[in-house]
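Chemist: Sending over a structure as structure tokens; questions will come in a sec.
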Amino acid sequence: YAPFDGNLIDVFTEFGTVVNPGSQIARIIQTGNLEVEVPVQVEVASFLRVGDKVNISSQGKAIKYDGRVIRMGRYVNPNTQSLDVFVSIDANAADRMYDGMYVELEVIADTLKDVIKIPRKALIGKSEVFVVSDTLLIRRQIELKAKDETNAYISGLENGDQIVIEALSNPVDS
């Protein structure tokens, strides 16, 4: 007997078949306790904490659920270069959620303060950008706080600095 209520997902043996100890005979899911495994970029994972609230949506965001980060992997997946984050789904959603269903997740994580968002292509390496000052091109040291697929979130610039956001070929620092 399983120590929980659930459903059979896969059965790997026939009735009456002799099985060896340790052989997998079936796969059962606990329907009242669903969770989602999410691969997260290492840079983004540093902003997540166990207990963070998660908004879960399915079917084109028509149906919404609540969830929480319950655990985080300790090792980077060598194939995806990401960490696995596990999110529990509110028990009230269990009757509308199914194993294998695609969902979208939005995590409410730490907030970045005193940063600006710039296109990633404006970065020179990880710690510099070009700034225009009196028609001259100047390299400026910045601190990269976070990045996503298209943007970087940086600090270290002053109000009114003009950042070059287009890729330059062979720029020369003045």
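All residue names refer to the structure tokens as shown: chains lettered A, B, ... in order, residues numbered from 1 in each chain, ligands numbered from 1 in order.
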Excluding Val87 of chain A and residues on its chain fewer than 5 positions from it, collect all residues at most 9 Å away from it, counting only C-alpha atoms, and give them as a short mmCIF file (atom, residue, chain, number, x, y, z; two decimals) with N, CA and C atoms, in the first residue's frame.
Modeler:
data_model
loop_
_atom_site.label_atom_id
_atom_site.label_comp_id
_atom_site.auth_asym_id
_atom_site.auth_seq_id
_atom_site.Cartn_x
_atom_site.Cartn_y
_atom_site.Cartn_z
N LEU A 34 0.64 17.99 -5.68
CA LEU A 34 1.34 18.12 -6.96
C LEU A 34 2.48 19.13 -6.85
N GLU A 35 3.52 18.90 -7.67
CA GLU A 35 4.61 19.86 -7.73
C GLU A 35 5.13 19.92 -9.16
N VAL A 36 5.80 21.03 -9.47
CA VAL A 36 6.35 21.27 -10.79
C VAL A 36 7.87 21.41 -10.63
N GLU A 37 8.61 20.73 -11.51
CA GLU A 37 10.06 20.87 -11.55
C GLU A 37 10.41 21.85 -12.65
N VAL A 38 11.14 22.91 -12.30
CA VAL A 38 11.43 23.98 -13.24
C VAL A 38 12.94 24.17 -13.36
N VAL A 54 4.73 31.72 -5.91
CA VAL A 54 4.76 31.48 -7.34
C VAL A 54 3.34 31.56 -7.88
N GLY A 67 1.30 28.81 -5.76
CA GLY A 67 2.29 27.82 -5.40
C GLY A 67 3.40 28.46 -4.60
N ARG A 68 4.32 27.61 -4.13
CA ARG A 68 5.48 28.07 -3.37
C ARG A 68 6.69 27.23 -3.74
N VAL A 69 7.87 27.86 -3.72
CA VAL A 69 9.11 27.13 -3.93
C VAL A 69 9.33 26.27 -2.69
N ILE A 70 9.42 24.94 -2.89
CA ILE A 70 9.57 24.05 -1.72
C ILE A 70 11.00 23.52 -1.57
N ARG A 71 11.74 23.43 -2.67
CA ARG A 71 13.14 23.02 -2.58
C ARG A 71 13.86 23.40 -3.87
N MET A 72 15.18 23.48 -3.75
CA MET A 72 16.01 23.84 -4.90
C MET A 72 17.13 22.83 -5.02
#
Chemist: Do you know which residues are at most 9 Å from segment 142-155 of chain A counting only C-alpha atoms, after dropping those on the same chain fewer than 6 positions away, and could you put them as number ranges by chain?
Modeler: A: 41, 43-44, 112-123, 126-129
Chemist: Neighbouring residues of Gln162 of chain A were defined as those with any atom within 10 Å, considering only C-alpha atoms; residues of the same chain fewer than 5 positions away were excluded. Please report them as an mmCIF file with all heavy atoms, in the first residue's frame.
Modeler:
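Below you can see out34.cif, which holds the result:
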data_model
loop_
_atom_site.group_PDB
_atom_site.id
_atom_site.type_symbol
_atom_site.label_atom_id
_atom_site.label_comp_id
_atom_site.auth_asym_id
_atom_site.auth_seq_id
_atom_site.Cartn_x
_atom_site.Cartn_y
_atom_site.Cartn_z
ATOM 1 N N PHE A 130 29.888 51.536 -22.706
ATOM 2 C CA PHE A 130 30.360 52.791 -23.276
ATOM 3 C C PHE A 130 29.348 53.878 -22.949
ATOM 4 O O PHE A 130 28.137 53.686 -23.098
ATOM 5 C CB PHE A 130 30.519 52.692 -24.794
ATOM 6 C CG PHE A 130 31.825 52.109 -25.226
ATOM 7 C CD1 PHE A 130 31.865 50.920 -25.925
ATOM 8 C CD2 PHE A 130 33.025 52.764 -24.953
ATOM 9 C CE1 PHE A 130 33.068 50.385 -26.330
ATOM 10 C CE2 PHE A 130 34.236 52.236 -25.355
ATOM 11 C CZ PHE A 130 34.260 51.034 -26.050
ATOM 12 N N VAL A 131 29.857 55.032 -22.507
ATOM 13 C CA VAL A 131 29.033 56.190 -22.186
ATOM 14 C C VAL A 131 29.511 57.334 -23.075
ATOM 15 O O VAL A 131 30.719 57.500 -23.301
ATOM 16 C CB VAL A 131 29.174 56.559 -20.696
ATOM 17 C CG1 VAL A 131 28.419 57.829 -20.372
ATOM 18 C CG2 VAL A 131 28.691 55.424 -19.820
ATOM 19 N N VAL A 132 28.583 58.136 -23.567
ATOM 20 C CA VAL A 132 28.933 59.308 -24.369
ATOM 21 C C VAL A 132 28.983 60.511 -23.429
ATOM 22 O O VAL A 132 28.026 60.798 -22.720
ATOM 23 C CB VAL A 132 27.895 59.554 -25.492
ATOM 24 C CG1 VAL A 132 28.239 60.812 -26.258
ATOM 25 C CG2 VAL A 132 27.811 58.351 -26.406
ATOM 26 N N SER A 133 30.135 61.185 -23.433
ATOM 27 C CA SER A 133 30.314 62.363 -22.600
ATOM 28 C C SER A 133 30.981 63.452 -23.440
ATOM 29 O O SER A 133 32.118 63.273 -23.894
ATOM 30 C CB SER A 133 31.179 62.017 -21.387
ATOM 31 O OG SER A 133 31.422 63.172 -20.619
ATOM 32 N N LEU A 157 26.056 53.766 -12.652
ATOM 33 C CA LEU A 157 25.989 54.917 -13.547
ATOM 34 C C LEU A 157 25.331 56.076 -12.815
ATOM 35 O O LEU A 157 24.607 55.885 -11.841
ATOM 36 C CB LEU A 157 25.204 54.577 -14.809
ATOM 37 C CG LEU A 157 25.815 53.509 -15.711
ATOM 38 C CD1 LEU A 157 24.901 53.221 -16.893
ATOM 39 C CD2 LEU A 157 27.183 53.944 -16.208
#
Chemist: Could you pull out the helix (DSSP H, G or I) residues of segment 33-101 of chain A, going by DSSP on the backbone, and write them as a PyMOL selection string?
Modeler: chain A and resi 42-45+91-93
Chemist: Would you output that residue set with N, CA, C and O atoms, as a PDB file, in the first residue's frame?
Modeler:
ATOM      1  N   VAL A  42      21.301  29.623 -13.602  1.00  0.00           N
ATOM      2  CA  VAL A  42      22.053  29.781 -12.366  1.00  0.00           C
ATOM      3  C   VAL A  42      22.016  31.231 -11.890  1.00  0.00           C
ATOM      4  O   VAL A  42      21.853  31.498 -10.699  1.00  0.00           O
ATOM      5  N   GLU A  43      22.138  32.197 -12.820  1.00  0.00           N
ATOM      6  CA  GLU A  43      22.111  33.615 -12.435  1.00  0.00           C
ATOM      7  C   GLU A  43      20.781  33.990 -11.795  1.00  0.00           C
ATOM      8  O   GLU A  43      20.729  34.780 -10.860  1.00  0.00           O
ATOM      9  N   VAL A  44      19.695  33.439 -12.291  1.00  0.00           N
ATOM     10  CA  VAL A  44      18.361  33.756 -11.774  1.00  0.00           C
ATOM     11  C   VAL A  44      18.111  33.019 -10.463  1.00  0.00           C
ATOM     12  O   VAL A  44      17.467  33.550  -9.552  1.00  0.00           O
ATOM     13  N   ALA A  45      18.622  31.812 -10.335  1.00  0.00           N
ATOM     14  CA  ALA A  45      18.384  31.001  -9.133  1.00  0.00           C
ATOM     15  C   ALA A  45      18.904  31.675  -7.873  1.00  0.00           C
ATOM     16  O   ALA A  45      18.370  31.464  -6.787  1.00  0.00           O
ATOM     17  N   ALA A  91      -3.247  22.826  -2.953  1.00  0.00           N
ATOM     18  CA  ALA A  91      -4.069  21.611  -2.928  1.00  0.00           C
ATOM     19  C   ALA A  91      -5.430  21.827  -3.585  1.00  0.00           C
ATOM     20  O   ALA A  91      -6.014  20.892  -4.131  1.00  0.00           O
ATOM     21  N   ASN A  92      -5.966  23.049  -3.573  1.00  0.00           N
ATOM     22  CA  ASN A  92      -7.266  23.323  -4.200  1.00  0.00           C
ATOM     23  C   ASN A  92      -7.208  23.182  -5.719  1.00  0.00           C
ATOM     24  O   ASN A  92      -8.232  23.024  -6.371  1.00  0.00           O
ATOM     25  N   ALA A  93      -6.014  23.254  -6.298  1.00  0.00           N
ATOM     26  CA  ALA A  93      -5.865  23.140  -7.749  1.00  0.00           C
ATOM     27  C   ALA A  93      -5.747  21.691  -8.197  1.00  0.00           C
ATOM     28  O   ALA A  93      -5.801  21.403  -9.389  1.00  0.00           O
TER      29      ALA A  93
END
Chemist: Given only C-alpha atoms as the basis, pick out the residue of A:Thr31, A:Ser58, A:Gln81, A:Asn20 nearest to Tyr102 of chain A.
Modeler: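 Checking each of A:Thr31, A:Ser58, A:Gln81, A:Asn20 against Tyr102 of chain A, counting only C-alpha atoms, the winner is A:Ser58.
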Chemist: Using only C-alpha atoms, determine which residues lie at most 8 Å from Leu105 of chain A, disregarding the query and same-chain residues fewer than 5 positions distant; provide the list as a list in words.
Modeler: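 Final neighbour list, sorted by chain and number: Val54, Asn55, Ile56 and Ser57 of chain A.
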Chemist: Have a look at A:Ile124, A:Val103, A:Gly73, A:Pro3 and name the one nearest to Arg49 of chain A; count only C-alpha atoms.
Modeler: A:Gly73
Chemist: Nearest to Asn77 of chain A among A:Ile138, A:Ala62, A:Val40, A:Ile89, with distances taken over only C-alpha atoms: which residue is it?
Modeler: A:Val40
Chemist: Measure the distance from atom CA of Val50 of chain A to atom CA of Ile108 of chain A in Å and round it to one decimal.
Modeler: 11.5 Å
Chemist: For segment 5-19 of chain A, please output as an mmCIF file with C-alpha atoms, in the first residue's frame all residues within 10 Å (counting only C-alpha atoms; exclusion window: fewer than 6 positions along the same chain).
Modeler:
data_model
loop_
_atom_site.group_PDB
_atom_site.id
_atom_site.type_symbol
_atom_site.label_atom_id
_atom_site.label_comp_id
_atom_site.auth_asym_id
_atom_site.auth_seq_id
_atom_site.Cartn_x
_atom_site.Cartn_y
_atom_site.Cartn_z
ATOM 1 C CA ILE A 25 6.539 -2.333 -10.922
ATOM 2 C CA ALA A 26 4.455 0.851 -11.188
ATOM 3 C CA ARG A 27 4.542 4.622 -10.941
ATOM 4 C CA ILE A 28 2.037 6.346 -8.673
ATOM 5 C CA ILE A 29 1.439 10.068 -8.202
ATOM 6 C CA GLN A 30 -0.006 11.672 -5.108
ATOM 7 C CA THR A 31 -2.900 13.656 -6.553
ATOM 8 C CA GLY A 32 -3.396 15.907 -3.542
ATOM 9 C CA ASN A 33 0.235 17.022 -3.484
ATOM 10 C CA ASP A 99 0.343 15.070 -14.528
#
Chemist: From the DSSP assignment of the backbone, select every residue of chain A that is strand (DSSP E or B), and format the answer as a ChimeraX atom specification.
Modeler: /A:7-11,26-29,35-41,53-58,63-72,77,82-89,104-107,116-119,123-124,128-133,136-141,143-147,151-155,162-163
Chemist: Suppose you want the space between atom CA of Phe86 of chain A and atom CA of Gln24 of chain A; what is it in Å?
Modeler: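 We find that atom CA of Phe86 of chain A and atom CA of Gln24 of chain A lie 23.7 Å from each other.
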Chemist: Just the number, please: distance in Å from atom CA of Arg96 of chain A to atom CA of Gly60 of chain A, one decimal.
Modeler: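 Between atom CA of Arg96 of chain A and atom CA of Gly60 of chain A the gap is 14.6 Å.
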